[in-house]
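A.B. asks: First, the structure itself, so that you have it in front of you.
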Amino acid sequence: MSTSLHNSPTGIARLAFRHQFLGRSSGPDCSGSVSFPYLPPNTFSLKSLEGVRLSTVVKAVSGGYDQMEVDSSLSPRVNAVKPSKTVAITDQATALVQAGIPVIRLAAGEPDFDTPAVIAEAGINAIREGYTRYTPNAGTMELRSAICHKLKEENGITYTPDQIVVSNGAKQSIYQALLAVCSSGDEVIIPAPFWVSYPEMARLVDATPVILPTSISKNFLMDPKVLESKLNEKSRLLILCSPSNPTGSVYPKKLLEEIAQIVAKHPRLLVLSDEIYEQIIYAPATHTSIASLPGMWERTLTVNGFSKAFAMTGWRLGYIAGPTHFIAACNKVQSQFTSGASSISQKAGVAALGLGYAGGEAISSMVTAFRERRDFLVKSFGELEGVRISEPQGAFYLFIDVSSYYGAEVEGFGKIENSESLCRYMLDEAQVALVPGDAFGDDTCIRISYAASLSTLQAAVERIKKALRVLRPAVLV
Ligand SMILES: Cc1ncc(COP(=O)(O)O)c(C=O)c1O
């Protein structure tokens with residue numbers, strides 16, 4: 001049945017139209033209002049959207065030209081996974097902008113800068129020179145050697161090229177690492193607030209995410225004692241993200257040493273250190289790779305990539321480094337999954353690492369701009385009654401506690417109950433797209449991405465402040 005569907009131009013056209021109507025791009029009746037008239041009422045709950053999409057597909061099959069029923073069930077593994085809210089909100093905001101509604105988008109997790117020209121040129125030259133074939137599964141020797149050099153010089157960790165696997169982005173590197181080391185029932189320890197994908201990836205490999213809460217008053221840094229209390233023989237992987245998405249917190253070396261001492265007491269426990277925001281860090285904060293600490297090299301998988309520091313999100317290039325045994329397992333998974341990353345992007349990656357220590361001037365000018373924006377936002381929201389802030393030390397996100405505004409009733413909108421309804425209110429009333437903290441495991445907060453120009457941020461702050469003033473904090477802090 002599905003063959004006839006795919007072979008039929010009519011069938012394809014029908015499905016394409018349905019996807020568009022469901023809000024993936026601008027709908028026919030979405031002009032003039034930002035209340036998503038073309039989307040289901042709970043616009044952030046993609047569960048409902050997914051359900052609609054599925055039954056639409058079924059209808060297209062049975063209602064179009066083939067009456068045979070289709071089993072629309074999905075694997076329980078996939079059913080257990082939540083779709084990414086950051087992607088959903090970014091898509092929604094983009095659809096609104098395309099519909100002519102002037103939404104300021106501060107939801108996305110990508111730098112607003114262009115890839116530095118010298119990197120882009122390397123990619124263009126790769127195409128011109130016919131460097132367009134499969135590369136070795138783990139990545140080219142040229143790129144893996146450059147990564148080894150970088151990790152030694154900048155992070156103080158020594159690897160050989162066979163201890164590196166290059167993938168289509170750090171996201172793939174992390175997922176493959178989980179597939180490689182977790183068995184069913186293993187526990188993956190994740191400090192909250194966390195990057196949205198960690199718990200879902202753990203679920204996808206049949207592991208159990210164990211969430212470790214942190215607090216804004218302690219800069220969202222994990223308390224080693226809390227970590228210790230959560231560890232047992234099922235604990236397999238501790239995921240660290242520093243600088244952090246969504247909080248911008250940076251783990252100081254001393255705290256990492258304390259964590260390392262606790263980890264070292266548990267023979268089964270490995271660490272996955274996600275260092276993708278490493279270069280976007282604001283002095284005096286400094287980055288420490290946990291693999292460089294005594295006893296940690298053997299049990300750490302270090303993940304990094306090109307998306308954030310080099311503004312290369314679309315090039316899809318990331319990597320993992322670790323002991324040969326684990327990295328060989330990641331390599332095996334990748335060999336049956338996607339094979340090597342793009343040959344063109346790998347050439348660009350070599351050029352990126354050739355920019356010098358920590359990306360040289362090209363990166364430091366971006367970091368200077370991010371810092372200026374961070375300072376502006378911290379000052380602006382710091383002045384606002386009922387908002388709590390922990391000043392981010394890295395990345396390009398501000399994660400602010402706005403829970404004192406929960407409970408407010410807004411005429412024509414309803415009650416602001418949580419981070420999700422607050423963000424929906426912000427999109428409706430202020431036309432600013434933000435991400436609710438509950439997507440990151442902390443419902444008291446919302447995430448503001450400052451990967452936008454200072455003038456855009458100034459406009460956004462005005463709109464947010466105006467919308468918050470309407471609410472007035474229900475409880476003053
Ligand atoms: C903490 C963190 N890790 C990994 C990634 C994935 O990056 P990549 O684009 O290399 O897949 C992201 C992207 O948003 C991220 O925020």
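FYI, nothing fancy with the structure tokens labels: chains A, B, ... in order, residues from 1 per chain, ligands from 1 as they appear.
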Write out as a ChimeraX atom specification each polymer residue (protein, DNA or RNA) that has an atom no more than 8 Å from ligand 1, with only C-alpha atoms and all ligand atoms counted.
C.D. replies: /A:109-110,168-174,194-195,241,244-246,274-277,304-308,312-314,316-318
A.B. asks: Can you pull out every residue within 10 Å of A:Gly156, counting only C-alpha atoms, but drop anything in the same chain fewer than 2 positions away, and send it as a PDB file with C-alpha atoms, in the first residue's frame?
C.D. replies:
ATOM      1  CA  HIS A 149      46.283  18.456  18.466  1.00  0.00           C
ATOM      2  CA  LYS A 150      43.504  20.774  19.684  1.00  0.00           C
ATOM      3  CA  LEU A 151      42.589  18.521  22.620  1.00  0.00           C
ATOM      4  CA  LYS A 152      46.208  18.305  23.710  1.00  0.00           C
ATOM      5  CA  GLU A 153      47.000  22.011  23.353  1.00  0.00           C
ATOM      6  CA  GLU A 154      43.757  23.509  24.637  1.00  0.00           C
ATOM      7  CA  THR A 158      46.093  13.244  24.935  1.00  0.00           C
ATOM      8  CA  TYR A 159      44.446  11.060  22.307  1.00  0.00           C
ATOM      9  CA  THR A 288      38.322  22.578  32.457  1.00  0.00           C
ATOM     10  CA  SER A 289      37.943  19.252  30.681  1.00  0.00           C
ATOM     11  CA  ALA A 291      39.133  14.065  31.313  1.00  0.00           C
ATOM     12  CA  SER A 292      42.281  16.039  32.197  1.00  0.00           C
ATOM     13  CA  LEU A 293      41.817  15.405  35.935  1.00  0.00           C
TER      14      LEU A 293
END
A.B. asks: Run DSSP on the backbone and tell me which residues of stretch 93-315 of chain A come out as strand (DSSP E or B); list them as an NGL selection string.
C.D. replies: :A and (104-105 or 164-167 or 187-191 or 208-212 or 235-241 or 270-274 or 281 or 300-305)
A.B. asks: Can you list, as a JSON list (two decimals) with N, CA and C atoms, in the first residue's frame, all residues belonging to stretch 133-365 of chain A that DSSP tags as alpha helix (DSSP H)?
C.D. replies:
[["chain", "number", "residue", "atom", "x", "y", "z"],
["A", 141, "MET", "N", 41.82, 11.27, 8.43],
["A", 141, "MET", "CA", 42.98, 11.29, 9.32],
["A", 141, "MET", "C", 43.41, 12.75, 9.57],
["A", 142, "GLU", "N", 43.29, 13.57, 8.52],
["A", 142, "GLU", "CA", 43.67, 14.98, 8.63],
["A", 142, "GLU", "C", 42.87, 15.67, 9.75],
["A", 143, "LEU", "N", 41.55, 15.45, 9.75],
["A", 143, "LEU", "CA", 40.72, 16.11, 10.76],
["A", 143, "LEU", "C", 40.94, 15.50, 12.14],
["A", 144, "ARG", "N", 41.01, 14.17, 12.20],
["A", 144, "ARG", "CA", 41.20, 13.55, 13.53],
["A", 144, "ARG", "C", 42.55, 13.94, 14.13],
["A", 145, "SER", "N", 43.57, 14.08, 13.28],
["A", 145, "SER", "CA", 44.88, 14.53, 13.81],
["A", 145, "SER", "C", 44.77, 15.95, 14.33],
["A", 146, "ALA", "N", 44.03, 16.81, 13.58],
["A", 146, "ALA", "CA", 43.87, 18.21, 14.03],
["A", 146, "ALA", "C", 43.10, 18.25, 15.35],
["A", 147, "ILE", "N", 42.12, 17.36, 15.51],
["A", 147, "ILE", "CA", 41.34, 17.33, 16.76],
["A", 147, "ILE", "C", 42.25, 16.88, 17.93],
["A", 148, "CYS", "N", 43.09, 15.87, 17.66],
["A", 148, "CYS", "CA", 44.02, 15.41, 18.71],
["A", 148, "CYS", "C", 44.91, 16.56, 19.15],
["A", 149, "HIS", "N", 45.40, 17.32, 18.17],
["A", 149, "HIS", "CA", 46.28, 18.46, 18.47],
["A", 149, "HIS", "C", 45.54, 19.48, 19.33],
["A", 150, "LYS", "N", 44.32, 19.80, 18.93],
["A", 150, "LYS", "CA", 43.50, 20.77, 19.68],
["A", 150, "LYS", "C", 43.29, 20.30, 21.13],
["A", 151, "LEU", "N", 42.90, 19.03, 21.27],
["A", 151, "LEU", "CA", 42.59, 18.52, 22.62],
["A", 151, "LEU", "C", 43.83, 18.53, 23.51],
["A", 152, "LYS", "N", 44.98, 18.29, 22.91],
["A", 152, "LYS", "CA", 46.21, 18.31, 23.71],
["A", 152, "LYS", "C", 46.58, 19.75, 24.12],
["A", 153, "GLU", "N", 46.57, 20.63, 23.11],
["A", 153, "GLU", "CA", 47.00, 22.01, 23.35],
["A", 153, "GLU", "C", 46.04, 22.79, 24.25],
["A", 154, "GLU", "N", 44.73, 22.64, 23.96],
["A", 154, "GLU", "CA", 43.76, 23.51, 24.64],
["A", 154, "GLU", "C", 43.15, 22.85, 25.87],
["A", 155, "ASN", "N", 43.11, 21.53, 25.89],
["A", 155, "ASN", "CA", 42.40, 20.86, 26.98],
["A", 155, "ASN", "C", 43.30, 20.00, 27.85],
["A", 170, "ALA", "N", 27.55, 17.06, 17.22],
["A", 170, "ALA", "CA", 27.78, 16.51, 18.56],
["A", 170, "ALA", "C", 26.56, 15.72, 19.04],
["A", 171, "LYS", "N", 25.40, 16.08, 18.54],
["A", 171, "LYS", "CA", 24.19, 15.37, 18.94],
["A", 171, "LYS", "C", 24.31, 13.88, 18.60],
["A", 172, "GLN", "N", 24.79, 13.62, 17.40],
["A", 172, "GLN", "CA", 24.97, 12.22, 17.00],
["A", 172, "GLN", "C", 26.05, 11.56, 17.86],
["A", 173, "SER", "N", 27.11, 12.30, 18.15],
["A", 173, "SER", "CA", 28.19, 11.74, 18.97],
["A", 173, "SER", "C", 27.64, 11.30, 20.33],
["A", 174, "ILE", "N", 26.77, 12.13, 20.91],
["A", 174, "ILE", "CA", 26.24, 11.82, 22.25],
["A", 174, "ILE", "C", 25.33, 10.59, 22.17],
["A", 175, "TYR", "N", 24.47, 10.58, 21.18],
["A", 175, "TYR", "CA", 23.54, 9.45, 21.06],
["A", 175, "TYR", "C", 24.31, 8.13, 20.84],
["A", 176, "GLN", "N", 25.31, 8.18, 19.99],
["A", 176, "GLN", "CA", 26.09, 6.96, 19.74],
["A", 176, "GLN", "C", 26.82, 6.50, 21.00],
["A", 177, "ALA", "N", 27.28, 7.47, 21.80],
["A", 177, "ALA", "CA", 27.98, 7.10, 23.04],
["A", 177, "ALA", "C", 27.01, 6.38, 23.97],
["A", 178, "LEU", "N", 25.79, 6.89, 24.06],
["A", 178, "LEU", "CA", 24.79, 6.24, 24.92],
["A", 178, "LEU", "C", 24.48, 4.84, 24.40],
["A", 179, "LEU", "N", 24.33, 4.71, 23.08],
["A", 179, "LEU", "CA", 24.08, 3.39, 22.50],
["A", 179, "LEU", "C", 25.24, 2.44, 22.79],
["A", 180, "ALA", "N", 26.45, 3.00, 22.78],
["A", 180, "ALA", "CA", 27.63, 2.16, 22.93],
["A", 180, "ALA", "C", 27.83, 1.67, 24.36],
["A", 181, "VAL", "N", 27.45, 2.47, 25.36],
["A", 181, "VAL", "CA", 27.84, 2.09, 26.73],
["A", 181, "VAL", "C", 26.67, 1.70, 27.65],
["A", 197, "SER", "N", 17.85, 17.19, 25.03],
["A", 197, "SER", "CA", 17.99, 15.87, 24.40],
["A", 197, "SER", "C", 18.53, 14.78, 25.32],
["A", 198, "TYR", "N", 19.23, 15.16, 26.41],
["A", 198, "TYR", "CA", 19.87, 14.11, 27.22],
["A", 198, "TYR", "C", 18.88, 13.05, 27.75],
["A", 199, "PRO", "N", 17.81, 13.47, 28.46],
["A", 199, "PRO", "CA", 16.93, 12.43, 29.00],
["A", 199, "PRO", "C", 16.25, 11.61, 27.91],
["A", 200, "GLU", "N", 15.91, 12.28, 26.81],
["A", 200, "GLU", "CA", 15.21, 11.56, 25.74],
["A", 200, "GLU", "C", 16.14, 10.56, 25.07],
["A", 201, "MET", "N", 17.39, 10.94, 24.91],
["A", 201, "MET", "CA", 18.36, 10.00, 24.34],
["A", 201, "MET", "C", 18.55, 8.80, 25.27],
["A", 202, "ALA", "N", 18.59, 9.07, 26.57],
["A", 202, "ALA", "CA", 18.74, 7.97, 27.53],
["A", 202, "ALA", "C", 17.56, 7.01, 27.39],
["A", 203, "ARG", "N", 16.35, 7.58, 27.27],
["A", 203, "ARG", "CA", 15.16, 6.73, 27.12],
["A", 203, "ARG", "C", 15.24, 5.92, 25.83],
["A", 204, "LEU", "N", 15.74, 6.54, 24.77],
["A", 204, "LEU", "CA", 15.80, 5.84, 23.48],
["A", 204, "LEU", "C", 16.72, 4.62, 23.53],
["A", 224, "PRO", "N", 28.06, 18.06, 44.86],
["A", 224, "PRO", "CA", 28.66, 16.72, 44.84],
["A", 224, "PRO", "C", 28.00, 15.75, 45.82],
["A", 225, "LYS", "N", 27.49, 16.29, 46.95],
["A", 225, "LYS", "CA", 26.85, 15.40, 47.94],
["A", 225, "LYS", "C", 25.55, 14.82, 47.36],
["A", 226, "VAL", "N", 24.82, 15.64, 46.64],
["A", 226, "VAL", "CA", 23.58, 15.15, 46.02],
["A", 226, "VAL", "C", 23.93, 14.08, 44.98],
["A", 227, "LEU", "N", 25.01, 14.34, 44.24],
["A", 227, "LEU", "CA", 25.44, 13.33, 43.26],
["A", 227, "LEU", "C", 25.74, 12.01, 43.96],
["A", 228, "GLU", "N", 26.51, 12.10, 45.01],
["A", 228, "GLU", "CA", 26.92, 10.89, 45.74],
["A", 228, "GLU", "C", 25.69, 10.09, 46.20],
["A", 229, "SER", "N", 24.67, 10.84, 46.66],
["A", 229, "SER", "CA", 23.49, 10.17, 47.20],
["A", 229, "SER", "C", 22.68, 9.45, 46.11],
["A", 230, "LYS", "N", 22.89, 9.78, 44.85],
["A", 230, "LYS", "CA", 22.10, 9.19, 43.77],
["A", 230, "LYS", "C", 22.80, 8.01, 43.10],
["A", 253, "LYS", "N", 37.13, 24.38, 38.19],
["A", 253, "LYS", "CA", 38.01, 23.20, 38.28],
["A", 253, "LYS", "C", 37.87, 22.49, 39.63],
["A", 254, "LYS", "N", 37.78, 23.29, 40.70],
["A", 254, "LYS", "CA", 37.73, 22.70, 42.03],
["A", 254, "LYS", "C", 36.49, 21.81, 42.19],
["A", 255, "LEU", "N", 35.38, 22.29, 41.69],
["A", 255, "LEU", "CA", 34.15, 21.51, 41.80],
["A", 255, "LEU", "C", 34.24, 20.23, 40.96],
["A", 256, "LEU", "N", 34.86, 20.36, 39.78],
["A", 256, "LEU", "CA", 35.03, 19.16, 38.94],
["A", 256, "LEU", "C", 35.93, 18.14, 39.64],
["A", 257, "GLU", "N", 36.91, 18.63, 40.39],
["A", 257, "GLU", "CA", 37.80, 17.71, 41.12],
["A", 257, "GLU", "C", 37.01, 16.95, 42.18],
["A", 258, "GLU", "N", 36.11, 17.66, 42.85],
["A", 258, "GLU", "CA", 35.28, 16.99, 43.88],
["A", 258, "GLU", "C", 34.38, 15.94, 43.22],
["A", 259, "ILE", "N", 33.82, 16.32, 42.08],
["A", 259, "ILE", "CA", 32.94, 15.38, 41.36],
["A", 259, "ILE", "C", 33.75, 14.16, 40.90],
["A", 260, "ALA", "N", 34.96, 14.42, 40.40],
["A", 260, "ALA", "CA", 35.81, 13.33, 39.92],
["A", 260, "ALA", "C", 36.11, 12.33, 41.04],
["A", 261, "GLN", "N", 36.34, 12.86, 42.23],
["A", 261, "GLN", "CA", 36.65, 11.96, 43.35],
["A", 261, "GLN", "C", 35.47, 11.04, 43.66],
["A", 262, "ILE", "N", 34.28, 11.57, 43.54],
["A", 262, "ILE", "CA", 33.08, 10.75, 43.80],
["A", 262, "ILE", "C", 32.90, 9.72, 42.69],
["A", 263, "VAL", "N", 33.06, 10.18, 41.44],
["A", 263, "VAL", "CA", 32.89, 9.28, 40.29],
["A", 263, "VAL", "C", 33.88, 8.11, 40.40],
["A", 324, "THR", "N", 40.14, 3.86, 23.65],
["A", 324, "THR", "CA", 39.97, 3.14, 22.38],
["A", 324, "THR", "C", 38.75, 2.20, 22.38],
["A", 325, "HIS", "N", 38.60, 1.44, 23.46],
["A", 325, "HIS", "CA", 37.55, 0.44, 23.55],
["A", 325, "HIS", "C", 36.15, 1.07, 23.34],
["A", 326, "PHE", "N", 35.91, 2.19, 24.01],
["A", 326, "PHE", "CA", 34.58, 2.85, 23.89],
["A", 326, "PHE", "C", 34.44, 3.53, 22.53],
["A", 327, "ILE", "N", 35.51, 4.13, 22.08],
["A", 327, "ILE", "CA", 35.44, 4.87, 20.81],
["A", 327, "ILE", "C", 35.27, 3.89, 19.64],
["A", 328, "ALA", "N", 35.90, 2.72, 19.75],
["A", 328, "ALA", "CA", 35.71, 1.70, 18.70],
["A", 328, "ALA", "C", 34.24, 1.29, 18.65],
["A", 329, "ALA", "N", 33.60, 1.23, 19.81],
["A", 329, "ALA", "CA", 32.17, 0.87, 19.85],
["A", 329, "ALA", "C", 31.33, 1.97, 19.18],
["A", 330, "CYS", "N", 31.66, 3.22, 19.45],
["A", 330, "CYS", "CA", 30.93, 4.34, 18.80],
["A", 330, "CYS", "C", 31.14, 4.27, 17.29],
["A", 331, "ASN", "N", 32.36, 3.95, 16.90],
["A", 331, "ASN", "CA", 32.69, 3.85, 15.47],
["A", 331, "ASN", "C", 31.86, 2.74, 14.81],
["A", 332, "LYS", "N", 31.73, 1.63, 15.54],
["A", 332, "LYS", "CA", 30.95, 0.51, 14.98],
["A", 332, "LYS", "C", 29.49, 0.94, 14.79],
["A", 333, "VAL", "N", 28.93, 1.60, 15.81],
["A", 333, "VAL", "CA", 27.52, 2.06, 15.69],
["A", 333, "VAL", "C", 27.39, 2.96, 14.46],
["A", 334, "GLN", "N", 28.32, 3.90, 14.35],
["A", 334, "GLN", "CA", 28.23, 4.86, 13.23],
["A", 334, "GLN", "C", 28.35, 4.17, 11.87],
["A", 335, "SER", "N", 29.15, 3.09, 11.84],
["A", 335, "SER", "CA", 29.37, 2.39, 10.55],
["A", 335, "SER", "C", 28.08, 1.77, 10.04],
["A", 343, "SER", "N", 32.30, 14.95, 3.70],
["A", 343, "SER", "CA", 33.71, 15.20, 3.35],
["A", 343, "SER", "C", 33.97, 16.71, 3.28],
["A", 344, "ILE", "N", 32.98, 17.44, 2.81],
["A", 344, "ILE", "CA", 33.13, 18.90, 2.64],
["A", 344, "ILE", "C", 33.23, 19.58, 4.01],
["A", 345, "SER", "N", 32.34, 19.17, 4.90],
["A", 345, "SER", "CA", 32.37, 19.76, 6.25],
["A", 345, "SER", "C", 33.67, 19.41, 6.97],
["A", 346, "GLN", "N", 34.18, 18.22, 6.71],
["A", 346, "GLN", "CA", 35.42, 17.84, 7.40],
["A", 346, "GLN", "C", 36.58, 18.73, 6.95],
["A", 347, "LYS", "N", 36.61, 19.06, 5.66],
["A", 347, "LYS", "CA", 37.65, 20.00, 5.17],
["A", 347, "LYS", "C", 37.47, 21.36, 5.87],
["A", 348, "ALA", "N", 36.22, 21.78, 6.02],
["A", 348, "ALA", "CA", 35.94, 23.06, 6.69],
["A", 348, "ALA", "C", 36.37, 22.97, 8.16],
["A", 349, "GLY", "N", 36.16, 21.81, 8.77],
["A", 349, "GLY", "CA", 36.55, 21.60, 10.17],
["A", 349, "GLY", "C", 38.06, 21.73, 10.35],
["A", 350, "VAL", "N", 38.81, 21.21, 9.39],
["A", 350, "VAL", "CA", 40.28, 21.34, 9.46],
["A", 350, "VAL", "C", 40.65, 22.82, 9.42],
["A", 351, "ALA", "N", 39.98, 23.57, 8.55],
["A", 351, "ALA", "CA", 40.27, 25.02, 8.46],
["A", 351, "ALA", "C", 39.90, 25.72, 9.77],
["A", 352, "ALA", "N", 38.79, 25.29, 10.38],
["A", 352, "ALA", "CA", 38.37, 25.91, 11.65],
["A", 352, "ALA", "C", 39.44, 25.69, 12.72],
["A", 353, "LEU", "N", 39.92, 24.46, 12.82],
["A", 353, "LEU", "CA", 40.93, 24.19, 13.84],
["A", 353, "LEU", "C", 42.26, 24.85, 13.50],
["A", 360, "GLY", "N", 41.18, 31.61, 17.62],
["A", 360, "GLY", "CA", 41.78, 32.90, 17.27],
["A", 360, "GLY", "C", 40.81, 34.06, 17.27],
["A", 361, "GLU", "N", 41.16, 35.05, 16.47],
["A", 361, "GLU", "CA", 40.42, 36.32, 16.44],
["A", 361, "GLU", "C", 38.96, 36.12, 15.97],
["A", 362, "ALA", "N", 38.78, 35.21, 15.01],
["A", 362, "ALA", "CA", 37.42, 35.00, 14.46],
["A", 362, "ALA", "C", 36.45, 34.64, 15.58],
["A", 363, "ILE", "N", 36.91, 33.83, 16.51],
["A", 363, "ILE", "CA", 36.01, 33.38, 17.58],
["A", 363, "ILE", "C", 35.96, 34.42, 18.70],
["A", 364, "SER", "N", 37.12, 35.01, 19.01],
["A", 364, "SER", "CA", 37.10, 35.95, 20.14],
["A", 364, "SER", "C", 36.22, 37.16, 19.85],
["A", 365, "SER", "N", 36.11, 37.56, 18.57],
["A", 365, "SER", "CA", 35.23, 38.71, 18.29],
["A", 365, "SER", "C", 33.76, 38.31, 18.50]]
A.B. asks: Please identify all polymer residues within 10 Å of A:Ala369, counting only C-alpha atoms, omitting same-chain residues fewer than 2 positions from it, and present them as number ranges by chain.
C.D. replies: A: 364-367, 371-374, 450-454
A.B. asks: Take the selection from the previous step and output its residues with N, CA and C atoms, as a PDB file, in the first residue's frame.
C.D. replies:
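What ended up in out-v5.pdb:
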ATOM      1  N   SER A 364      37.121  35.011  19.009  1.00  0.00           N
ATOM      2  CA  SER A 364      37.104  35.947  20.142  1.00  0.00           C
ATOM      3  C   SER A 364      36.224  37.161  19.846  1.00  0.00           C
ATOM      4  N   SER A 365      36.111  37.559  18.572  1.00  0.00           N
ATOM      5  CA  SER A 365      35.226  38.707  18.290  1.00  0.00           C
ATOM      6  C   SER A 365      33.762  38.310  18.503  1.00  0.00           C
ATOM      7  N   MET A 366      33.423  37.071  18.205  1.00  0.00           N
ATOM      8  CA  MET A 366      32.039  36.627  18.469  1.00  0.00           C
ATOM      9  C   MET A 366      31.785  36.583  19.980  1.00  0.00           C
ATOM     10  N   VAL A 367      32.783  36.076  20.714  1.00  0.00           N
ATOM     11  CA  VAL A 367      32.613  35.960  22.170  1.00  0.00           C
ATOM     12  C   VAL A 367      32.461  37.351  22.797  1.00  0.00           C
ATOM     13  N   ARG A 371      29.325  38.529  24.966  1.00  0.00           N
ATOM     14  CA  ARG A 371      29.497  39.038  26.329  1.00  0.00           C
ATOM     15  C   ARG A 371      28.757  40.371  26.523  1.00  0.00           C
ATOM     16  N   GLU A 372      28.862  41.222  25.529  1.00  0.00           N
ATOM     17  CA  GLU A 372      28.185  42.520  25.592  1.00  0.00           C
ATOM     18  C   GLU A 372      26.666  42.305  25.727  1.00  0.00           C
ATOM     19  N   ARG A 373      26.157  41.337  24.979  1.00  0.00           N
ATOM     20  CA  ARG A 373      24.719  41.048  25.039  1.00  0.00           C
ATOM     21  C   ARG A 373      24.327  40.471  26.398  1.00  0.00           C
ATOM     22  N   ARG A 374      25.185  39.566  26.882  1.00  0.00           N
ATOM     23  CA  ARG A 374      24.894  38.993  28.208  1.00  0.00           C
ATOM     24  C   ARG A 374      24.813  40.099  29.255  1.00  0.00           C
ATOM     25  N   TYR A 450      20.534  34.645  23.550  1.00  0.00           N
ATOM     26  CA  TYR A 450      20.996  35.959  23.080  1.00  0.00           C
ATOM     27  C   TYR A 450      21.882  35.848  21.843  1.00  0.00           C
ATOM     28  N   ALA A 451      21.535  34.875  21.016  1.00  0.00           N
ATOM     29  CA  ALA A 451      22.151  34.787  19.691  1.00  0.00           C
ATOM     30  C   ALA A 451      21.374  35.693  18.745  1.00  0.00           C
ATOM     31  N   ALA A 452      21.354  36.977  19.084  1.00  0.00           N
ATOM     32  CA  ALA A 452      20.654  37.982  18.286  1.00  0.00           C
ATOM     33  C   ALA A 452      21.355  39.310  18.530  1.00  0.00           C
ATOM     34  N   SER A 453      21.213  40.246  17.585  1.00  0.00           N
ATOM     35  CA  SER A 453      21.939  41.507  17.704  1.00  0.00           C
ATOM     36  C   SER A 453      21.484  42.285  18.941  1.00  0.00           C
ATOM     37  N   LEU A 454      22.340  43.208  19.375  1.00  0.00           N
ATOM     38  CA  LEU A 454      22.018  43.995  20.563  1.00  0.00           C
ATOM     39  C   LEU A 454      20.728  44.798  20.346  1.00  0.00           C
TER      40      LEU A 454
END
A.B. asks: At what distance in Å, to one decimal, does atom CA of A:Glu420 lie from atom CA of A:Asp438?
C.D. replies: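 Distance between the two atoms: 7.2 Å.
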A.B. asks: With only C-alpha atoms as the atoms that count, which of A:Ser419, A:Ile400, A:Asp206, A:Asn79 lies nearest to A:Ala439?
C.D. replies: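 Between A:Ser419, A:Ile400, A:Asp206, A:Asn79, the residue approaching A:Ala439 most closely is A:Ser419.
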A.B. asks: What gap, in Å, lies between atom CA of A:Pro209 and atom CA of A:Cys445?
C.D. replies: 20.9 Å
A.B. asks: Write out as a list in words the residues lying within 7 Å of A:Gly340, counting only C-alpha atoms and excluding same-chain residues fewer than 5 positions away.
C.D. replies: Tyr134, Thr135, Pro136, Asn137, Ala138, Gly139 and Ser167 of chain A
A.B. asks: Choose the residue, out of A:Lys466, A:Lys218, A:Arg133, A:His266, that has the smallest atom-to-atom separation from A:Ser342; count only C-alpha atoms.
C.D. replies: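 Result for the nearest residue to A:Ser342: A:Arg133.
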